[in-house]
Structures are given as structure tokens and as C-alpha cells.
Amino acid sequence: MTKISEGKKLEKELAFSFKNIAKEEPEKLKDAIKFCEGYKEFLNKGKTERECASYTEKLLKDAGYKPFEPDMSLSAGDKVYYVNRGKGIIASTIGKKALTEGVRFNIAHIDSPRLDLKPNPMYEKEEIAYLKTHYYGGIRKYQWATIPLSMHGVVYLKNGEKVELSIGEKESDTRFVITDLLPHLSAKQNERPLKDGIKGEELNIVIGSVPYADDDVKNAYKLMALKLMNEEYGITESDFMRAEIEMVPSVKATDIGFDRSMIGAYGQDDRVCAYTAVMAEIKTKSPEHTTVTVLTDKEEIGSEGNTGMASEFLHHYMEDLCDIFGVKVRNVYRRSTCLSSDVNAAYDPTFSDVFEPANASFINHGPVITKYTGARGKSGSNDASAETMAAVIKIMDDNKVYWQIGELGKVDEGGGGTIALFMGNKDVDTVDVGVPVLAMHAPFEITSKLDVFYTYKAFRAFYK
Ligand code: MN
Ligand code: MN
């Protein structure tokens with residue numbers, strides 16, 4: 001037997017480091033790969049918050065969830081859901097304990113960075129027809145040129161009819177694109193700072209190049225595009241003002257690497273936490289505490305508006321739920337725990353200088369518990385208490401779930417926020433938990449399948 005030195009023994013006792021799951025338990029990758037097939041389907045079916053909410057509603061209905069009604073009666077094990085304006089969804093499984101023992105909130109967001117069409121988007125310029133966009137959320141604009149884009153959204157016609165668009169997802173569909181300069185002529189553009197590589201007003205979508213054949217028409221290229229849209233969808237130009245149309249990458253979720261250990265896809269921030277949260281919600285049969293799984297909208301632009309977490313939509317649901325059981329909502333909030341389930345930036349070896357490795361999250365190390373987010377001295381952060389950290393870490397450890405700690409980059413390198421502060425402000429113990437992502441907010445983001453799988457396991461443990 002080899003002798004272990006005293007120092008080595010002491011180190012094992014006192015020091016700590018997070019484990020790489022792929023190294024510790026490589027055989028778990030098989031389960032993770034299997035689990036992620038459903039996740040890829042979820043990503044492909046939900047390219048927008050509306051599509052994601054409606055696909056989730058289908059999953060919940062298939063699992064026996066009933067629509068929530070304020071005057072219904074509920075008992076332990078019952079499963080209900082509530083849709084908020086088609087853009088968000090709440091699902092609950094009633095627990096064995098009274099609501100006043102606290103509920104378990106798990107909140108993820110289903111909006112993702114993208115390009116929205118302006119309310120009056122159509123124009124033509126020198127024989128090409130275009131749509132103007134206004135970007136939504138934090139994007140690096142140069143990443144959105146010269147990639148195939150699809151068009152998703154809803155339009156209300158003058159007669160009140162609702163038209164749903166999804167163009168560019170089927171193999172045979174047409175697609176759309178933003179142009180960029182060729183290297184031969186980009187000497188001046190190359191002098192721009194990277195953030196201005198493509199500017200906001202240059203994010204113009206090419207939609208046609210054939211004119212309407214009539215010399216009397218002034219904007220024949222625009223008219224031709226309008227004519228084709230009208231024939232297919234019944235839309236006229238003024239209908240864009242009654243619409244929400246989102247341009248998103250038309251790429252499908254795909255495996256990455258020879259080992260197929262990763263997933264590349266659009267919109268993994270934060271549909272990766274949405275999917276794992278919903279799967280955990282569905283699998284939970286008789287929890288101790290009532291579960292409240294929330295998929296929300298508008299996180300990427302600050303959670304404002306009546307589909308975002310700054311609004312009262314969840315509070316109203318909670319009031320209705322409390323009325324059913326004859327308890328006060330404030331007595332529920334103050335004893336509840338919330339996982340603000342959102343992604344964190346995974347350590348990127350190619351761009352390592354923005355990370356502080358001891359406090360960065362790494363792919364294949366499992367879900368990241370993020371104590372605080374914010375910027376410039378934690379400003380705008382929920383900053384979870386030691387008590388909340390202890391409670392959540394205990395759940396992970398008791399259930400043998402891999403987890404890690406993560407900060408969003410080096411101090412003063414940048415920063416960001418999540419929905420955590422809104423739940424903290426409601427008097428709920430809250431902490432951020434989620435999947436580490438490479439190339440976050442890019443049109444094609446990367447996650448590890450083991451992390452996705454263990455985030456699901458973490459959420460299952462939380463709902464036990
Ligand atoms: Mn997010
Ligand atoms: Mn984000």
C-alpha cells in the first residue's frame with residue numbers, strides 16, 4: 001500500500017474542489033444524452049416565448065394538468081396550470097404540507113435575445129426589399145449577419161383574425177438574411193470597434209429582389225413582397241402595427257463534438273432551465289411543499305411589462321391559490337424558497353481573461369449556484385443569504401446532485417441580472433441556479449448534456 005502523506009490527508013479533509021462529472025461518472029453521459037433528446041425537441045418547437053409557452057401547455061395537459069381556476073378546490077397531488085397571455089405559464093403540484101409551510105418556486109424565462117420587426121418595417125432600397133428590425137435583449141450585433149433567419153410571430157388582421165407565422169423552420173421553407181461586407185471592401189468597416197461591426201440600423205432583413213411588373217409603381221420591390229405575404233397570410237402593410245414578429249436563427253438544435261456531449265442551439269438561455277424545470281414539475285407526484293413552476297417572459301429586457309417578473313401576474317396567481325386554502329399570501333411568501341433558474345457564463349478557455357477561475361462555472365461540473373449577479377459591486381443583485389445557500393446546497397448534497405459555484409466573470413469585468421431580485425423583493429428566500437453556457441446570447445449557444453441532466457436532477461430534488 002502506498003503511504004498517503006500527512007499533508008495530503010489534511011488537504012483531503014480541509015480543502016475543496018468541484019468535480020467534473022464526465023471524469024467522475026462518464027457512464028452518466030448515456031442517461032444525459034437520452035434526456036436531452038426531449039430537450040432538443042423542446043428547443044426546436046419553441047423558438048419564441050409564445051411557441052415555448054404553448055408547447056409547454058401541451059406537455060402539461062398530456063401529463064394530466066388541469067387549468068387553474070380561482071374557485072376550484074384543490075388537494076395534495078393535484079396538478080394545475082395557468083397561461084399568462086400566451087407568453088408565460090405557471091404550473092403547480094399541490095403539496096402534502098400547508099401552503100403556510102412555504103412553497104417551492106422554480107422560475108425560468110422563455111424569452112431569448114433576437115431581432116424584432118419594427119412596427120412599420122417594410123421598405124425597399126435600390127432594388128432590394130427589406131424589413132427593419134429593433135434588437136431585443138443583449139446581442140452582439142455582428143453575430144447576426146450572414147446567418148439564415150426565420151420569421152416567427154403573430155399578426156392581427158384588421159378583421160380581428162389572428163395569423164401565426166413560422167417561416168424558415170421546415171427544410172423546404174424560404175429563409176431571410178442580413179448582409180455584411182466582403183473582406184475586400186471592409187477596410188473602413190474593420191476600423192470600427194467590434195460592438196459597431198454591424199450597427200443597429202444595419203440589422204436589415206433581405207426579403208425579396210423581384211419587382212412587381214408595373215412601371216407606374218414607385219416601390220415595386222416592396223410591393224412584390226407585400227403581394228406574396230398577402231397571398232400566403234392575408235397580411236397588408238398596416239397589419240405590422242398589430243403584430244409581434246421575431247427574427248430568430250433558423251438553425252436546429254444539434255449535437256456538438258465527436259462524443260456528442262454538448263448541444264448547440266439558439267435560445268438555450270433560458271429554455272434550458274425552462275425545460276428542466278417543467279420536466280421536474282411533471283415528474284413530481286406527491287411533494288412535501290406545493291410546487292410553483294413559472295416560465296416567464298421579458299427577462300432579457302428587464303422583466304418589465306405584464307408578462308415579466310416585475311409585474312404582479314405571479315402574485316395574483318399566488319393570491320388566488322391562497323384564497324382556495326384560506327391562508328394569507330404573505331405568510332406563504334416568507335416561508336418559501338425560490339430557485340431563480342437561469343444560465344451562467346461557462347468558463348471559456350479561449351477567452352479566459354474575463355473569468356476568475358476559482359469562482360467561474362465550468363461545463364460538465366453540473367448546475368451553477370450563483371449567489372449574486374449584478375455589476376459594479378453587486379448592484380442590482382438579489383445576493384442570496386448564507387442561510388439560503390446552506391438550504392439549497394443541503395438539498396443538492398442530500399440527493400447526490402453535482403453542483404458548482406459560479407460568478408458572472410471577474411469583478412468589474414461586466415455583469416448582468418436575473419429575475420432573482422423580484423422574488424427576493426416579495427419576501428422569498430431566493431438564489432440563482434442554472435446551466436453554464438458557452439457563447440451565451442449568441443445565435444448558437446453551447447451547453448453540456450451532463451449539466452442539463454444534472455440541472456433536471458437538482459430541480460427534482462428541490463421538489464421532493
Ligand atoms: Mn437568462
Ligand atoms: Mn440572457
# chains A, B, ... in the order shown; residues from 1 in each chain; ligands from 1

$ closest_atom_pairs --of "chain A" --to "ligand 2" --cutoff "8 Å" --atoms "only C-alpha atoms and all ligand atoms" --output "JSON lines"
{"residue": "A:Ser112", "atom": "CA", "partner": "ligand 2", "partner_atom_place_in_ligand_line": "1 (Mn)", "distance": 6.6}
{"residue": "A:Pro113", "atom": "CA", "partner": "ligand 2", "partner_atom_place_in_ligand_line": "1 (Mn)", "distance": 7.0}
{"residue": "A:Gly137", "atom": "CA", "partner": "ligand 2", "partner_atom_place_in_ligand_line": "1 (Mn)", "distance": 7.4}
{"residue": "A:Gly138", "atom": "CA", "partner": "ligand 2", "partner_atom_place_in_ligand_line": "1 (Mn)", "distance": 7.2}
{"residue": "A:Asp269", "atom": "CA", "partner": "ligand 2", "partner_atom_place_in_ligand_line": "1 (Mn)", "distance": 5.5}
{"residue": "A:Asp270", "atom": "CA", "partner": "ligand 2", "partner_atom_place_in_ligand_line": "1 (Mn)", "distance": 6.7}
{"residue": "A:Glu299", "atom": "CA", "partner": "ligand 2", "partner_atom_place_in_ligand_line": "1 (Mn)", "distance": 7.3}
{"residue": "A:Glu300", "atom": "CA", "partner": "ligand 2", "partner_atom_place_in_ligand_line": "1 (Mn)", "distance": 5.4}
{"residue": "A:Asp342", "atom": "CA", "partner": "ligand 2", "partner_atom_place_in_ligand_line": "1 (Mn)", "distance": 7.9}
{"residue": "A:Val343", "atom": "CA", "partner": "ligand 2", "partner_atom_place_in_ligand_line": "1 (Mn)", "distance": 7.4}
{"residue": "A:Thr418", "atom": "CA", "partner": "ligand 2", "partner_atom_place_in_ligand_line": "1 (Mn)", "distance": 7.9}
{"residue": "A:Met440", "atom": "CA", "partner": "ligand 2", "partner_atom_place_in_ligand_line": "1 (Mn)", "distance": 7.3}
{"residue": "A:His441", "atom": "CA", "partner": "ligand 2", "partner_atom_place_in_ligand_line": "1 (Mn)", "distance": 6.2}

$ closest_atom_pairs --of "chain A" --to "ligand 1" --cutoff "12 Å" --atoms "only C-alpha atoms and all ligand atoms" --output "tab-separated table"
residue	atom	partner	partner_atom_place_in_ligand_line	distance
A:Ile107	CA	ligand 1	1 (Mn)	10.8
A:Ala108	CA	ligand 1	1 (Mn)	7.7
A:His109	CA	ligand 1	1 (Mn)	6.6
A:Ile110	CA	ligand 1	1 (Mn)	8.4
A:Asp111	CA	ligand 1	1 (Mn)	8.4
A:Ser112	CA	ligand 1	1 (Mn)	7.6
A:Pro113	CA	ligand 1	1 (Mn)	9.3
A:Gly137	CA	ligand 1	1 (Mn)	10.1
A:Gly138	CA	ligand 1	1 (Mn)	10.4
A:Gly267	CA	ligand 1	1 (Mn)	9.4
A:Gln268	CA	ligand 1	1 (Mn)	8.6
A:Asp269	CA	ligand 1	1 (Mn)	4.8
A:Asp270	CA	ligand 1	1 (Mn)	4.8
A:Arg271	CA	ligand 1	1 (Mn)	8.5
A:Val272	CA	ligand 1	1 (Mn)	9.5
A:Cys273	CA	ligand 1	1 (Mn)	8.8
A:Ala274	CA	ligand 1	1 (Mn)	10.2
A:Leu295	CA	ligand 1	1 (Mn)	11.5
A:Thr296	CA	ligand 1	1 (Mn)	10.6
A:Asp297	CA	ligand 1	1 (Mn)	10.4
A:Lys298	CA	ligand 1	1 (Mn)	10.0
A:Glu299	CA	ligand 1	1 (Mn)	6.8
A:Glu300	CA	ligand 1	1 (Mn)	6.7
A:Ile301	CA	ligand 1	1 (Mn)	10.3
A:Gly302	CA	ligand 1	1 (Mn)	10.6
A:Ser303	CA	ligand 1	1 (Mn)	10.8
A:Ser340	CA	ligand 1	1 (Mn)	9.7
A:Ser341	CA	ligand 1	1 (Mn)	8.2
A:Asp342	CA	ligand 1	1 (Mn)	4.9
A:Val343	CA	ligand 1	1 (Mn)	5.5
A:Asn344	CA	ligand 1	1 (Mn)	7.7
A:Ala345	CA	ligand 1	1 (Mn)	10.0
A:Thr373	CA	ligand 1	1 (Mn)	11.5
A:Leu408	CA	ligand 1	1 (Mn)	11.9
A:Gly416	CA	ligand 1	1 (Mn)	9.2
A:Gly417	CA	ligand 1	1 (Mn)	8.2
A:Thr418	CA	ligand 1	1 (Mn)	6.4
A:Ile419	CA	ligand 1	1 (Mn)	8.6
A:Ala420	CA	ligand 1	1 (Mn)	10.9
A:Asp432	CA	ligand 1	1 (Mn)	10.4
A:Val433	CA	ligand 1	1 (Mn)	10.8
A:Gly434	CA	ligand 1	1 (Mn)	9.1
A:Val435	CA	ligand 1	1 (Mn)	9.9
A:Pro436	CA	ligand 1	1 (Mn)	10.7
A:Val437	CA	ligand 1	1 (Mn)	10.1
A:Met440	CA	ligand 1	1 (Mn)	8.9
A:His441	CA	ligand 1	1 (Mn)	8.7

$ residues_around --residues "Ala32 (chain A)" --least-positions-apart "6" --cutoff "8 Å" --atoms "only C-alpha atoms" --output "PyMOL selection string"
chain A and resi 449-450+452-453

$ write_last_selection --atoms "C-alpha atoms" --output "PDB file, in the first residue's frame"
ATOM      1  CA  LYS A 449     -25.683  17.428 -21.749  1.00  0.00           C
ATOM      2  CA  LEU A 450     -24.432  16.318 -18.334  1.00  0.00           C
ATOM      3  CA  VAL A 452     -28.629  19.804 -18.472  1.00  0.00           C
ATOM      4  CA  PHE A 453     -29.320  16.369 -16.961  1.00  0.00           C
TER       5      PHE A 453
END

$ residues_around --residues "region 223-231 of chain A" --least-positions-apart "6" --cutoff "10 Å" --atoms "only C-alpha atoms" --output "VMD selection string"
chain A and resid 122 to 124 128 to 130 207 to 213 217 237

$ closest_residue --among "A:Asn20, A:Ser186, A:Asn84, A:Asn44" --to "Ser311 (chain A)" --atoms "only C-alpha atoms"
A:Asn84

$ select_by_dssp --residues "region 194-309 of chain A" --states "strand (DSSP E)" --output "ChimeraX atom specification"
/A:204-208,243-249,254-256,262-265,291-296

$ residues_around --residues "Asn331 (chain A)" --least-positions-apart "6" --cutoff "9 Å" --atoms "only C-alpha atoms" --output "list in words"
Leu99, Thr100, Glu101 and Gly102 of chain A

$ select_by_dssp --residues "region 166-311 of chain A" --states "alpha helix (DSSP H)" --output "PyMOL selection string"
chain A and resi 220-233+268-283

$ residues_around --residues "region 422-428 of chain A" --least-positions-apart "4" --cutoff "6 Å" --atoms "only C-alpha atoms" --output "count of residues only"
4

$ closest_residue --among "A:Lys3, A:His289, A:Arg260, A:Lys158" --to "Cys338 (chain A)" --atoms "only C-alpha atoms"
A:His289

$ closest_residue --among "A:Lys40, A:Lys457, A:Lys132, A:Lys8" --to "Met396 (chain A)" --atoms "only C-alpha atoms"
A:Lys457

$ closest_residue --among "A:Ile363, A:Val251, A:Val155, A:Leu149" --to "Gly264 (chain A)" --atoms "only C-alpha atoms"
A:Val251

$ atom_distance --atom1 "CA of Phe325 (chain A)" --atom2 "CA of Arg104 (chain A)"
16.5 Å

$ atom_distance --atom1 "CA of Lys66 (chain A)" --atom2 "CA of Phe105 (chain A)"
18.9 Å

$ residues_around --residues "region 68-79 of chain A" --least-positions-apart "5" --cutoff "10 Å" --atoms "only C-alpha atoms" --output "JSON, numbers by chain"
{"A": [60, 61, 63, 90, 91, 92, 93, 94, 95, 96, 97, 98, 281, 282, 284, 285, 286, 287, 288, 289, 290, 291, 317, 319, 320, 321, 322, 323, 324, 325]}

$ atom_distance --atom1 "CA of Ser352 (chain A)" --atom2 "CA of Asp412 (chain A)"
15.1 Å

$ closest_residue --among "A:Phe362, A:Tyr81, A:Phe444, A:Tyr221" --to "Glu407 (chain A)" --atoms "only C-alpha atoms"
A:Phe362

$ closest_residue --among "A:Ala220, A:Ser250, A:Gly406, A:Ser261" --to "Asp173 (chain A)" --atoms "only C-alpha atoms"
A:Ser250
